[in-house]
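structure_24.csv (CSV, C-alpha atoms (C1' of nucleotides))
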chain,number,residue,atom,x,y,z
A,1,MET,CA,96.0,109.7,98.1
A,2,ASP,CA,95.6,112.9,96.1
A,3,ALA,CA,97.6,116.1,96.4
A,4,ILE,CA,95.7,117.2,99.4
A,5,ASP,CA,96.3,114.0,101.3
A,6,LEU,CA,100.0,114.3,100.4
A,7,THR,CA,100.1,117.9,101.8
A,8,LEU,CA,98.3,116.7,105.0
A,9,VAL,CA,100.9,113.9,105.5
A,10,GLU,CA,103.7,116.3,104.9
A,11,LEU,CA,102.3,118.9,107.3
A,12,LEU,CA,101.8,116.3,110.0
A,13,GLN,CA,105.2,114.9,109.5
A,14,GLY,CA,106.6,118.3,110.2
A,15,ASN,CA,104.3,118.9,113.2
A,16,ALA,CA,102.0,116.3,114.5
A,17,ARG,CA,100.3,118.6,116.9
A,18,LEU,CA,98.8,120.9,114.3
A,19,SER,CA,95.1,121.4,114.9
A,20,TYR,CA,92.6,120.2,112.3
A,21,ALA,CA,91.6,123.9,111.9
A,22,GLU,CA,95.1,124.9,111.1
A,23,LEU,CA,95.5,121.9,108.6
A,24,ALA,CA,92.2,123.0,107.1
A,25,ARG,CA,93.5,126.5,106.5
A,26,GLN,CA,96.7,125.2,104.9
A,27,VAL,CA,95.0,123.0,102.4
A,28,GLY,CA,91.9,125.1,101.8
A,29,LEU,CA,89.3,122.7,103.1
A,30,SER,CA,86.9,122.8,106.0
A,31,SER,CA,87.9,121.4,109.3
A,32,PRO,CA,85.5,118.4,109.2
A,33,ALA,CA,86.8,117.5,105.8
A,34,VAL,CA,90.3,117.4,107.0
A,35,HIS,CA,89.3,115.5,110.0
A,36,GLU,CA,87.8,112.8,107.8
A,37,ARG,CA,90.8,112.7,105.4
A,38,VAL,CA,93.2,112.3,108.3
A,39,GLY,CA,91.1,109.6,109.8
A,40,LYS,CA,91.1,107.7,106.5
A,41,LEU,CA,94.9,108.1,106.2
A,42,GLU,CA,95.2,106.6,109.7
A,43,SER,CA,92.9,103.6,109.1
A,44,ALA,CA,94.6,103.0,105.8
A,45,GLY,CA,97.9,102.6,107.6
A,46,VAL,CA,99.6,105.5,105.9
A,47,ILE,CA,99.8,107.4,109.2
A,48,ARG,CA,100.8,104.8,111.8
A,49,GLY,CA,100.7,107.2,114.7
A,50,TYR,CA,102.1,110.4,116.2
A,51,ARG,CA,105.2,110.5,118.2
A,52,ALA,CA,107.1,113.1,120.2
A,53,ASP,CA,110.6,113.3,119.0
A,54,VAL,CA,112.7,113.0,122.1
A,55,ASP,CA,116.4,113.9,122.2
A,56,PRO,CA,118.1,110.6,123.3
A,57,GLU,CA,120.9,112.4,125.0
A,58,ALA,CA,118.5,114.4,127.1
A,59,VAL,CA,117.0,111.2,128.5
A,60,GLY,CA,120.3,109.5,129.3
A,61,LEU,CA,120.8,107.5,126.1
A,62,GLY,CA,124.0,109.0,124.9
A,63,VAL,CA,125.4,105.9,123.1
A,64,THR,CA,124.2,104.8,119.7
A,65,ALA,CA,125.5,101.7,118.0
A,66,PHE,CA,124.7,99.5,115.0
A,67,ILE,CA,125.0,95.8,115.5
A,68,GLY,CA,125.1,93.2,112.8
A,69,LEU,CA,124.1,89.7,113.7
A,70,VAL,CA,125.2,86.4,112.0
A,71,GLU,CA,122.9,83.5,112.6
A,72,ASP,CA,124.0,79.9,113.3
A,73,SER,CA,123.2,77.5,110.4
A,74,GLY,CA,120.0,75.9,111.5
A,75,ALA,CA,119.0,78.7,113.8
A,76,ASP,CA,115.3,79.4,114.2
A,77,THR,CA,114.9,82.9,112.9
A,78,ASP,CA,111.6,83.5,114.7
A,79,ASP,CA,113.1,82.5,118.0
A,80,VAL,CA,116.0,84.8,117.5
A,81,LEU,CA,113.7,87.6,116.6
A,82,GLU,CA,111.7,87.1,119.7
A,83,ALA,CA,114.8,87.2,121.8
A,84,LEU,CA,115.9,90.4,120.1
A,85,ARG,CA,112.5,92.0,120.7
A,86,ALA,CA,112.7,91.2,124.3
A,87,MET,CA,115.9,93.1,124.7
A,88,PRO,CA,115.5,96.7,125.8
A,89,GLY,CA,117.7,99.2,124.1
A,90,ILE,CA,117.3,97.8,120.6
A,91,GLU,CA,115.4,100.6,119.0
A,92,SER,CA,115.2,99.3,115.5
A,93,CYS,CA,115.7,95.9,113.9
A,94,TYR,CA,115.9,95.0,110.2
A,95,PHE,CA,116.2,91.6,108.5
A,96,MET,CA,119.0,92.0,106.0
A,97,ALA,CA,120.4,90.5,102.8
A,98,GLY,CA,123.9,89.3,103.3
A,99,VAL,CA,125.8,87.2,105.8
A,100,GLU,CA,124.5,89.3,108.7
A,101,SER,CA,120.8,88.3,109.0
A,102,PHE,CA,119.9,91.2,111.3
A,103,LEU,CA,121.0,94.8,111.7
A,104,CYS,CA,120.0,96.3,115.0
A,105,MET,CA,120.2,99.9,116.1
A,106,ALA,CA,120.8,100.1,119.8
A,107,ARG,CA,120.6,103.0,122.1
A,108,VAL,CA,122.0,102.8,125.7
A,109,GLY,CA,123.4,105.1,128.3
A,110,THR,CA,127.0,104.1,128.6
A,111,ILE,CA,129.6,102.1,126.8
A,112,ALA,CA,129.5,99.7,129.7
A,113,GLN,CA,125.8,99.1,129.0
A,114,LEU,CA,126.6,98.5,125.4
A,115,GLU,CA,129.1,95.9,126.4
A,116,GLN,CA,126.5,94.2,128.5
A,117,LEU,CA,124.0,94.4,125.6
A,118,ILE,CA,126.5,92.8,123.2
A,119,LEU,CA,127.3,90.0,125.7
A,120,GLN,CA,123.6,89.3,126.0
A,121,LEU,CA,123.2,89.2,122.2
A,122,ASN,CA,126.0,86.7,121.9
A,123,ARG,CA,124.2,84.5,124.4
A,124,ILE,CA,121.1,84.3,122.4
A,125,PRO,CA,120.7,80.7,121.0
A,126,GLY,CA,121.0,80.8,117.2
A,127,ILE,CA,123.3,83.8,117.1
A,128,ALA,CA,126.8,82.9,115.9
A,129,SER,CA,128.5,86.3,116.0
A,130,THR,CA,127.9,90.0,116.3
A,131,ARG,CA,129.7,93.0,114.8
A,132,THR,CA,129.2,96.4,116.4
A,133,ALA,CA,129.8,99.8,115.0
A,134,ILE,CA,129.6,102.8,117.3
A,135,ALA,CA,128.2,106.1,116.3
A,136,LEU,CA,130.3,109.0,117.4
A,137,SER,CA,127.7,111.6,116.6
A,138,THR,CA,124.3,111.7,114.9
A,139,LYS,CA,124.4,114.1,111.9
A,140,TRP,CA,120.7,113.8,111.4
A,141,GLU,CA,118.0,111.2,112.0
A,142,ASP,CA,114.6,110.5,110.6
A,143,ARG,CA,114.6,113.3,108.2
A,144,PRO,CA,111.1,113.6,106.8
A,145,GLN,CA,111.0,111.3,103.8
A,146,GLN,CA,110.1,112.8,100.5
A,147,ILE,CA,106.9,111.3,99.4
A,148,THR,CA,106.8,110.2,95.8
A,149,SER,CA,103.3,108.8,95.3
O,1,MET,CA,112.9,116.2,134.9
O,2,ASP,CA,111.0,114.6,137.7
O,3,ALA,CA,108.7,111.6,137.6
O,4,ILE,CA,105.8,113.6,136.1
O,5,ASP,CA,107.9,115.0,133.3
O,6,LEU,CA,109.1,111.5,132.6
O,7,THR,CA,105.5,110.3,132.3
O,8,LEU,CA,104.6,113.2,130.1
O,9,VAL,CA,107.5,112.4,127.8
O,10,GLU,CA,106.5,108.7,127.7
O,11,LEU,CA,102.8,109.6,127.0
O,12,LEU,CA,103.7,112.0,124.2
O,13,GLN,CA,106.2,109.4,122.7
O,14,GLY,CA,103.3,107.0,122.5
O,15,ASN,CA,100.8,109.5,121.1
O,16,ALA,CA,101.9,113.0,120.3
O,17,ARG,CA,98.3,114.2,119.7
O,18,LEU,CA,97.1,113.7,123.2
O,19,SER,CA,95.3,116.8,124.5
O,20,TYR,CA,96.7,118.7,127.4
O,21,ALA,CA,93.5,117.9,129.2
O,22,GLU,CA,94.1,114.2,128.7
O,23,LEU,CA,97.7,114.4,129.7
O,24,ALA,CA,96.6,116.3,132.8
O,25,ARG,CA,94.2,113.6,133.8
O,26,GLN,CA,96.9,110.9,133.3
O,27,VAL,CA,99.4,112.6,135.6
O,28,GLY,CA,97.0,114.1,138.1
O,29,LEU,CA,97.7,117.8,137.4
O,30,SER,CA,95.7,120.6,136.0
O,31,SER,CA,95.8,121.3,132.3
O,32,PRO,CA,97.7,124.6,132.6
O,33,ALA,CA,100.3,123.0,134.8
O,34,VAL,CA,100.9,120.3,132.1
O,35,HIS,CA,100.9,122.9,129.4
O,36,GLU,CA,103.8,124.7,131.2
O,37,ARG,CA,105.7,121.5,131.9
O,38,VAL,CA,105.5,120.4,128.2
O,39,GLY,CA,106.5,123.9,127.1
O,40,LYS,CA,109.6,123.7,129.3
O,41,LEU,CA,110.5,120.2,128.0
O,42,GLU,CA,110.3,121.6,124.5
O,43,SER,CA,112.4,124.7,125.2
O,44,ALA,CA,114.9,122.6,127.1
O,45,GLY,CA,115.3,120.4,124.0
O,46,VAL,CA,114.1,117.2,125.5
O,47,ILE,CA,111.2,117.2,123.2
O,48,ARG,CA,112.4,118.3,119.8
O,49,GLY,CA,109.1,118.1,118.0
O,50,TYR,CA,106.1,116.0,117.1
O,51,ARG,CA,106.0,113.9,114.0
O,52,ALA,CA,103.5,111.8,112.2
O,53,ASP,CA,104.8,108.3,111.8
O,54,VAL,CA,104.3,107.5,108.1
O,55,ASP,CA,104.5,104.0,106.7
O,56,PRO,CA,107.3,104.3,104.1
O,57,GLU,CA,105.9,101.6,101.9
O,58,ALA,CA,102.5,103.5,101.8
O,59,VAL,CA,104.2,106.5,100.3
O,60,GLY,CA,106.3,104.7,97.7
O,61,LEU,CA,109.5,104.1,99.6
O,62,GLY,CA,109.7,100.4,99.7
O,63,VAL,CA,113.5,100.0,99.7
O,64,THR,CA,115.5,100.5,102.8
O,65,ALA,CA,119.3,100.3,102.8
O,66,PHE,CA,122.3,101.0,105.0
O,67,ILE,CA,125.3,102.5,103.3
O,68,GLY,CA,128.8,102.7,104.9
O,69,LEU,CA,131.1,105.3,103.5
O,70,VAL,CA,134.9,105.3,103.5
O,71,GLU,CA,136.5,108.7,103.1
O,72,ASP,CA,139.6,109.5,101.1
O,73,SER,CA,142.7,110.3,103.1
O,74,GLY,CA,142.7,114.1,103.2
O,75,ALA,CA,139.0,114.4,102.4
O,76,ASP,CA,137.2,117.4,103.9
O,77,THR,CA,134.6,115.8,106.2
O,78,ASP,CA,132.4,118.9,106.3
O,79,ASP,CA,132.2,119.1,102.5
O,80,VAL,CA,131.3,115.4,102.4
O,81,LEU,CA,128.6,116.0,105.0
O,82,GLU,CA,127.2,118.8,103.0
O,83,ALA,CA,127.0,116.7,99.9
O,84,LEU,CA,125.4,113.9,101.8
O,85,ARG,CA,122.8,116.3,103.3
O,86,ALA,CA,121.9,117.6,99.9
O,87,MET,CA,121.0,114.1,98.8
O,88,PRO,CA,117.4,113.2,99.0
O,89,GLY,CA,116.6,109.7,100.3
O,90,ILE,CA,119.3,109.7,103.0
O,91,GLU,CA,117.0,109.7,106.0
O,92,SER,CA,119.6,109.4,108.7
O,93,CYS,CA,123.4,109.9,108.8
O,94,TYR,CA,125.8,109.0,111.6
O,95,PHE,CA,129.5,109.8,112.0
O,96,MET,CA,131.1,106.5,113.0
O,97,ALA,CA,134.1,105.0,114.7
O,98,GLY,CA,135.9,102.6,112.3
O,99,VAL,CA,137.1,102.6,108.7
O,100,GLU,CA,133.7,103.7,107.5
O,101,SER,CA,133.4,107.4,108.6
O,102,PHE,CA,129.7,107.6,107.8
O,103,LEU,CA,126.7,105.3,108.1
O,104,CYS,CA,123.7,106.4,106.2
O,105,MET,CA,120.2,105.0,106.2
O,106,ALA,CA,118.6,105.4,102.8
O,107,ARG,CA,115.0,105.0,101.7
O,108,VAL,CA,114.0,105.0,98.1
O,109,GLY,CA,111.3,103.6,95.9
O,110,THR,CA,113.1,101.0,93.8
O,111,ILE,CA,116.3,99.1,93.5
O,112,ALA,CA,117.0,101.1,90.4
O,113,GLN,CA,116.8,104.3,92.5
O,114,LEU,CA,119.1,102.8,95.1
O,115,GLU,CA,121.6,102.1,92.3
O,116,GLN,CA,121.4,105.7,91.2
O,117,LEU,CA,121.9,106.8,94.8
O,118,ILE,CA,125.0,104.7,95.3
O,119,LEU,CA,126.5,106.0,92.0
O,120,GLN,CA,125.9,109.5,93.2
O,121,LEU,CA,127.5,108.8,96.5
O,122,ASN,CA,130.6,107.4,94.8
O,123,ARG,CA,130.8,110.5,92.8
O,124,ILE,CA,131.1,112.8,95.9
O,125,PRO,CA,134.6,114.2,96.2
O,126,GLY,CA,136.3,112.8,99.3
O,127,ILE,CA,134.4,109.5,99.2
O,128,ALA,CA,136.7,106.5,98.5
O,129,SER,CA,134.2,103.7,98.6
O,130,THR,CA,130.7,102.7,99.7
O,131,ARG,CA,129.3,99.5,101.1
O,132,THR,CA,125.6,98.8,100.9
O,133,ALA,CA,123.5,96.5,102.9
O,134,ILE,CA,119.9,96.1,101.8
O,135,ALA,CA,117.1,95.5,104.3
O,136,LEU,CA,114.6,92.8,103.2
O,137,SER,CA,112.1,93.7,105.9
O,138,THR,CA,111.8,96.0,108.8
O,139,LYS,CA,111.0,94.1,112.0
O,140,TRP,CA,110.5,97.2,114.0
O,141,GLU,CA,111.7,100.8,113.9
O,142,ASP,CA,112.0,103.7,116.4
O,143,ARG,CA,110.6,101.7,119.2
O,144,PRO,CA,110.0,104.2,122.1
O,145,GLN,CA,113.3,104.3,124.0
O,146,GLN,CA,113.1,103.5,127.6
O,147,ILE,CA,114.1,106.6,129.5
O,148,THR,CA,116.6,106.0,132.3
O,149,SER,CA,117.0,109.5,133.8
G,1,DA,C1',67.9,111.3,79.4
G,2,DG,C1',66.7,110.6,84.1
G,3,DG,C1',67.0,109.0,88.7
G,4,DG,C1',69.5,106.3,92.4
G,5,DT,C1',73.6,106.0,94.8
G,6,DC,C1',77.7,107.3,96.8
G,7,DA,C1',81.8,109.9,97.9
G,8,DG,C1',83.2,113.9,99.7
G,9,DG,C1',82.4,118.4,100.6
G,10,DT,C1',80.1,122.8,103.5
G,11,DC,C1',77.6,124.7,107.3
G,12,DG,C1',75.9,125.3,112.0
G,13,DA,C1',75.6,123.9,116.8
G,14,DT,C1',77.5,122.5,121.1
G,15,DG,C1',80.5,120.8,124.4
G,16,DG,C1',85.2,120.5,125.5
G,17,DC,C1',89.8,122.3,125.2
G,18,DG,C1',93.7,125.7,125.0
G,19,DT,C1',95.4,129.5,127.0
G,20,DC,C1',95.7,133.6,129.7
G,21,DC,C1',95.5,135.7,134.2
G,22,DA,C1',95.1,136.4,139.1
G,23,DC,C1',95.9,134.2,143.1
G,24,DG,C1',97.9,130.9,146.8
G,25,DG,C1',100.9,127.7,149.3
G,26,DA,C1',105.7,125.7,150.1
G,27,DC,C1',110.8,126.4,150.1
G,28,DT,C1',114.8,129.1,150.4
G,29,DG,C1',118.2,132.5,151.6
G,30,DT,C1',118.9,136.5,154.3
N,1,DA,C1',110.1,136.6,160.2
N,2,DC,C1',109.9,137.9,155.7
N,3,DA,C1',110.3,138.5,150.8
N,4,DG,C1',111.2,136.2,146.6
N,5,DT,C1',110.6,132.3,143.7
N,6,DC,C1',108.7,128.3,142.0
N,7,DC,C1',105.0,125.7,140.9
N,8,DG,C1',100.7,124.8,141.3
N,9,DT,C1',95.1,125.8,141.0
N,10,DG,C1',90.7,127.9,139.4
N,11,DG,C1',88.0,130.8,136.5
N,12,DA,C1',87.0,133.1,132.1
N,13,DC,C1',86.8,133.3,127.3
N,14,DG,C1',87.5,132.3,122.6
N,15,DC,C1',88.7,128.7,119.6
N,16,DC,C1',88.6,123.9,118.3
N,17,DA,C1',86.8,119.1,117.7
N,18,DT,C1',83.1,116.7,116.4
N,19,DC,C1',78.5,115.5,115.1
N,20,DG,C1',74.4,115.7,112.2
N,21,DA,C1',72.0,117.7,108.3
N,22,DC,C1',72.3,119.0,103.9
N,23,DC,C1',74.4,119.9,99.2
N,24,DT,C1',76.8,118.8,94.9
N,25,DG,C1',78.9,116.3,91.2
N,26,DA,C1',80.3,111.8,89.3
N,27,DC,C1',78.9,107.5,88.0
N,28,DC,C1',76.0,103.7,86.8
N,29,DC,C1',71.9,101.3,85.4
N,30,DT,C1',67.8,101.0,83.2
What's the structure tokens form of this structure?
Amino acid sequence: MDAIDLTLVELLQGNARLSYAELARQVGLSSPAVHERVGKLESAGVIRGYRADVDPEAVGLGVTAFIGLVEDSGADTDDVLEALRAMPGIESCYFMAGVESFLCMARVGTIAQLEQLILQLNRIPGIASTRTAIALSTKWEDRPQQITS
Amino acid sequence: MDAIDLTLVELLQGNARLSYAELARQVGLSSPAVHERVGKLESAGVIRGYRADVDPEAVGLGVTAFIGLVEDSGADTDDVLEALRAMPGIESCYFMAGVESFLCMARVGTIAQLEQLILQLNRIPGIASTRTAIALSTKWEDRPQQITS
DNA sequence: AGGGTCAGGTCGATGGCGTCCACGGACTGT
DNA sequence: ACAGTCCGTGGACGCCATCGACCTGACCCT
């Protein structure tokens, strides 16, 4: 990960569809050299993939919420995780420090669907309680992280 | 947004670097037709861009935290937002229902940097208090949303 | 010091791709 | 019926991705 790799990562974070030729121009290398560097960044796991950034509201997912989950004492965390993973609408899931073992970011179409989702969550064995916070608007999301190393 | 557009969005969500020729093969259209459809999805704002998905830990951002912010009574929300936006490390920011006006997702390199970030947040005029929850691990993140419409 | 090895670059060739343009069929409103 | 519009196809052309061959400098071992 030298300075050129860093620039490549930043460029691709900004626009994942840049051609290798364009990347090459930006970093002052030949196109095959860039091709090889990017390939190595991918297989090293630095670049995990390339995603289109889709506006959730434009595809009928207008409701965003964060749901904290408290586990039962003696719950099997792996089972809970599996159940969470099976639920559509849970876009992100973190294992947290604190009383609430999990924090989930959910995206659904309507408040009614959010209600259904919460009911389903409460029905998962091992989950003692849920706490939901609804986002009224997204100020920004997934801003390109500034790379330190 | 017909079924073909939907497929295109899903394909690009999975891999933003697919060629137009490949997309065309998958949906059974010609490459120029796909090119035009994708262009329209972009200018309609359905596709906001294309981003490389970078592993935060691989670039020195091993600490993820969620910070809820309570505003002072009489705080200027726009000013607070501006101050938040100026802070590096705050990757996402939502305006929330509830006592905590904002929920921020922060990504930094170390716990010490998180401490600094929280101190800075508390120093922003208009912010009464902060509440931080630290993620111990990320189970998944930004799972491709299932498109309903 | 000298030579082997390797990582990482350039260059050139070639096949495929992006992109532009002209053209054509199906709907729609008049 | 007819013109206009939308949305597609096919062909052409230049650029790009990708591969192989070769070059160079750093490093190590003797």
Take chain O, lay it over chain A with a least-squares fit on all the Cα atoms in order, then hand it over as a compact mmCIF listing (two decimals) with C-alpha atoms, in the frame of the given file.
# COMPACT_ATOMS: atom_id res chain seq x y z
CA MET O 1 95.99 109.72 98.13
CA ASP O 2 95.60 112.85 96.12
CA ALA O 3 97.56 116.07 96.33
CA ILE O 4 95.70 117.26 99.46
CA ASP O 5 96.31 114.04 101.33
CA LEU O 6 99.95 114.32 100.38
CA THR O 7 100.10 117.82 101.86
CA LEU O 8 98.33 116.70 104.97
CA VAL O 9 100.83 113.89 105.42
CA GLU O 10 103.76 116.31 104.86
CA LEU O 11 102.26 118.88 107.34
CA LEU O 12 101.69 116.26 110.03
CA GLN O 13 105.26 114.80 109.45
CA GLY O 14 106.59 118.25 110.19
CA ASN O 15 104.37 118.91 113.20
CA ALA O 16 102.03 116.23 114.43
CA ARG O 17 100.27 118.62 116.86
CA LEU O 18 98.82 120.88 114.26
CA SER O 19 95.10 121.47 114.85
CA TYR O 20 92.60 120.30 112.33
CA ALA O 21 91.60 123.91 111.97
CA GLU O 22 95.15 124.84 111.05
CA LEU O 23 95.55 121.97 108.68
CA ALA O 24 92.26 122.99 107.08
CA ARG O 25 93.46 126.50 106.49
CA GLN O 26 96.74 125.20 104.94
CA VAL O 27 94.98 123.01 102.39
CA GLY O 28 91.93 125.15 101.76
CA LEU O 29 89.27 122.75 103.13
CA SER O 30 86.93 122.85 106.01
CA SER O 31 87.98 121.39 109.32
CA PRO O 32 85.56 118.43 109.20
CA ALA O 33 86.70 117.54 105.72
CA VAL O 34 90.35 117.40 106.96
CA HIS O 35 89.31 115.49 110.02
CA GLU O 36 87.80 112.77 107.75
CA ARG O 37 90.76 112.72 105.38
CA VAL O 38 93.26 112.29 108.30
CA GLY O 39 91.03 109.61 109.82
CA LYS O 40 91.11 107.69 106.53
CA LEU O 41 94.92 108.04 106.22
CA GLU O 42 95.20 106.59 109.69
CA SER O 43 92.83 103.67 109.09
CA ALA O 44 94.49 102.99 105.76
CA GLY O 45 97.84 102.68 107.58
CA VAL O 46 99.58 105.52 105.89
CA ILE O 47 99.78 107.33 109.12
CA ARG O 48 100.66 104.84 111.81
CA GLY O 49 100.70 107.22 114.72
CA TYR O 50 102.05 110.42 116.19
CA ARG O 51 105.17 110.50 118.25
CA ALA O 52 107.05 113.01 120.26
CA ASP O 53 110.58 113.29 119.01
CA VAL O 54 112.75 112.98 122.14
CA ASP O 55 116.41 113.90 122.22
CA PRO O 56 118.07 110.62 123.30
CA GLU O 57 120.95 112.34 124.99
CA ALA O 58 118.42 114.40 127.12
CA VAL O 59 116.99 111.22 128.53
CA GLY O 60 120.25 109.44 129.29
CA LEU O 61 120.83 107.51 126.10
CA GLY O 62 124.00 108.96 124.85
CA VAL O 63 125.41 105.89 123.07
CA THR O 64 124.18 104.87 119.70
CA ALA O 65 125.41 101.71 117.98
CA PHE O 66 124.69 99.48 115.00
CA ILE O 67 124.99 95.78 115.58
CA GLY O 68 125.10 93.17 112.74
CA LEU O 69 124.14 89.68 113.69
CA VAL O 70 125.20 86.43 112.02
CA GLU O 71 122.92 83.49 112.66
CA ASP O 72 123.98 79.91 113.24
CA SER O 73 123.29 77.50 110.41
CA GLY O 74 119.99 75.90 111.44
CA ALA O 75 119.05 78.70 113.83
CA ASP O 76 115.33 79.39 114.22
CA THR O 77 114.96 82.97 112.93
CA ASP O 78 111.65 83.55 114.71
CA ASP O 79 113.09 82.52 118.09
CA VAL O 80 116.04 84.85 117.49
CA LEU O 81 113.64 87.66 116.63
CA GLU O 82 111.73 87.07 119.76
CA ALA O 83 114.83 87.24 121.87
CA LEU O 84 115.94 90.36 120.14
CA ARG O 85 112.50 91.99 120.70
CA ALA O 86 112.63 91.21 124.37
CA MET O 87 115.85 93.16 124.67
CA PRO O 88 115.52 96.68 125.82
CA GLY O 89 117.72 99.25 124.04
CA ILE O 90 117.30 97.73 120.56
CA GLU O 91 115.34 100.57 119.02
CA SER O 92 115.14 99.26 115.49
CA CYS O 93 115.73 95.83 113.89
CA TYR O 94 115.95 94.98 110.20
CA PHE O 95 116.12 91.60 108.47
CA MET O 96 118.95 91.94 105.96
CA ALA O 97 120.33 90.51 102.76
CA GLY O 98 123.94 89.31 103.31
CA VAL O 99 125.85 87.23 105.85
CA GLU O 100 124.48 89.31 108.68
CA SER O 101 120.75 88.30 108.96
CA PHE O 102 119.90 91.14 111.31
CA LEU O 103 120.89 94.78 111.70
CA CYS O 104 119.95 96.32 114.95
CA MET O 105 120.16 99.91 116.07
CA ALA O 106 120.86 100.11 119.78
CA ARG O 107 120.68 103.04 122.17
CA VAL O 108 121.97 102.84 125.67
CA GLY O 109 123.38 105.11 128.31
CA THR O 110 127.02 104.08 128.55
CA ILE O 111 129.67 102.07 126.85
CA ALA O 112 129.52 99.71 129.77
CA GLN O 113 125.81 99.12 129.00
CA LEU O 114 126.59 98.55 125.35
CA GLU O 115 129.12 95.90 126.43
CA GLN O 116 126.47 94.20 128.51
CA LEU O 117 124.09 94.36 125.55
CA ILE O 118 126.53 92.75 123.15
CA LEU O 119 127.29 89.95 125.68
CA GLN O 120 123.60 89.31 125.95
CA LEU O 121 123.20 89.21 122.24
CA ASN O 122 126.01 86.66 121.92
CA ARG O 123 124.29 84.58 124.44
CA ILE O 124 121.06 84.24 122.34
CA PRO O 125 120.71 80.73 120.96
CA GLY O 126 121.02 80.79 117.18
CA ILE O 127 123.35 83.80 117.13
CA ALA O 128 126.87 82.92 115.84
CA SER O 129 128.52 86.29 116.03
CA THR O 130 127.91 90.03 116.33
CA ARG O 131 129.64 93.01 114.82
CA THR O 132 129.29 96.41 116.40
CA ALA O 133 129.79 99.78 114.95
CA ILE O 134 129.61 102.70 117.34
CA ALA O 135 128.24 106.08 116.27
CA LEU O 136 130.33 109.06 117.51
CA SER O 137 127.68 111.60 116.57
CA THR O 138 124.36 111.71 114.90
CA LYS O 139 124.36 114.15 111.98
CA TRP O 140 120.70 113.83 111.40
CA GLU O 141 118.00 111.23 112.01
CA ASP O 142 114.51 110.46 110.60
CA ARG O 143 114.61 113.33 108.25
CA PRO O 144 111.03 113.61 106.78
CA GLN O 145 111.04 111.31 103.75
CA GLN O 146 110.09 112.87 100.54
CA ILE O 147 106.89 111.24 99.39
CA THR O 148 106.88 110.18 95.74
CA SER O 149 103.34 108.77 95.32
Report task. Please identify every residue of chain A that has at least one atom no more than 10 Å from any atom of chain G, counting all atoms listed in the file, and report them as number ranges by chain. Result -> A: 29-33, 36-37
**Report entry** Interatomic distance, CA of Gln113 (chain O) to CA of Ile47 (chain A) (Å, one decimal)
**Finding:**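 That distance, rounded to one decimal, is 24.0 Å.
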Query - chain N residues near chain A (9 Å cut-off, all atoms listed in the file) as number ranges by chain - result: N: 16-18
Report task. Select, from O:Arg85, O:Arg51, O:Val38, O:Ser129, the residue with the minimum atom-to-atom distance to Leu11 (chain A), counting only C-alpha atoms. Result ->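 Answer, going by the shortest atom-to-atom distance: O:Arg51.
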**Report entry** Interface, chain O side, toward chain A (6 Å; all atoms listed in the file) as an MDAnalysis selection string
**Finding:** chainID O and resid 12:17 46:55 58:60 91:97 134:143 147:149
Report task. One decimal, Å: what's the distance from CA of Met87 (chain O) over to CA of Asp72 (chain O), could you say? Result -> 19.3 Å
Query - d(CA of Leu119 (chain A), CA of Ala83 (chain A)) in Å - result: 13.4 Å
Reconstruct region 47-57 of chain A at the level of N, CA and C atoms, and format the result as an mmCIF file, in the coordinates of the input.
data_model
loop_
_atom_site.group_PDB
_atom_site.id
_atom_site.type_symbol
_atom_site.label_atom_id
_atom_site.label_comp_id
_atom_site.auth_asym_id
_atom_site.auth_seq_id
_atom_site.Cartn_x
_atom_site.Cartn_y
_atom_site.Cartn_z
ATOM 1 N N ILE A 47 99.321 106.762 107.919
ATOM 2 C CA ILE A 47 99.800 107.400 109.200
ATOM 3 C C ILE A 47 99.656 106.320 110.263
ATOM 4 N N ARG A 48 100.799 105.872 110.802
ATOM 5 C CA ARG A 48 100.800 104.800 111.800
ATOM 6 C C ARG A 48 100.594 105.329 113.208
ATOM 7 N N GLY A 49 100.858 106.608 113.402
ATOM 8 C CA GLY A 49 100.700 107.200 114.700
ATOM 9 C C GLY A 49 101.414 108.523 114.794
ATOM 10 N N TYR A 50 101.474 109.054 115.979
ATOM 11 C CA TYR A 50 102.100 110.400 116.200
ATOM 12 C C TYR A 50 103.021 110.258 117.372
ATOM 13 N N ARG A 51 104.258 110.689 117.174
ATOM 14 C CA ARG A 51 105.200 110.500 118.200
ATOM 15 C C ARG A 51 105.942 111.783 118.576
ATOM 16 N N ALA A 52 106.180 111.983 119.852
ATOM 17 C CA ALA A 52 107.100 113.100 120.200
ATOM 18 C C ALA A 52 108.490 112.643 119.884
ATOM 19 N N ASP A 53 109.238 113.566 119.329
ATOM 20 C CA ASP A 53 110.600 113.300 119.000
ATOM 21 C C ASP A 53 111.487 113.745 120.150
ATOM 22 N N VAL A 54 111.996 112.767 120.880
ATOM 23 C CA VAL A 54 112.700 113.000 122.100
ATOM 24 C C VAL A 54 114.219 112.926 121.888
ATOM 25 N N ASP A 55 114.959 113.893 122.364
ATOM 26 C CA ASP A 55 116.400 113.900 122.200
ATOM 27 C C ASP A 55 116.976 112.759 123.105
ATOM 28 N N PRO A 56 117.594 111.737 122.489
ATOM 29 C CA PRO A 56 118.100 110.600 123.300
ATOM 30 C C PRO A 56 119.064 111.031 124.367
ATOM 31 N N GLU A 57 119.943 111.951 124.036
ATOM 32 C CA GLU A 57 120.900 112.400 125.000
ATOM 33 C C GLU A 57 120.281 113.026 126.226
#
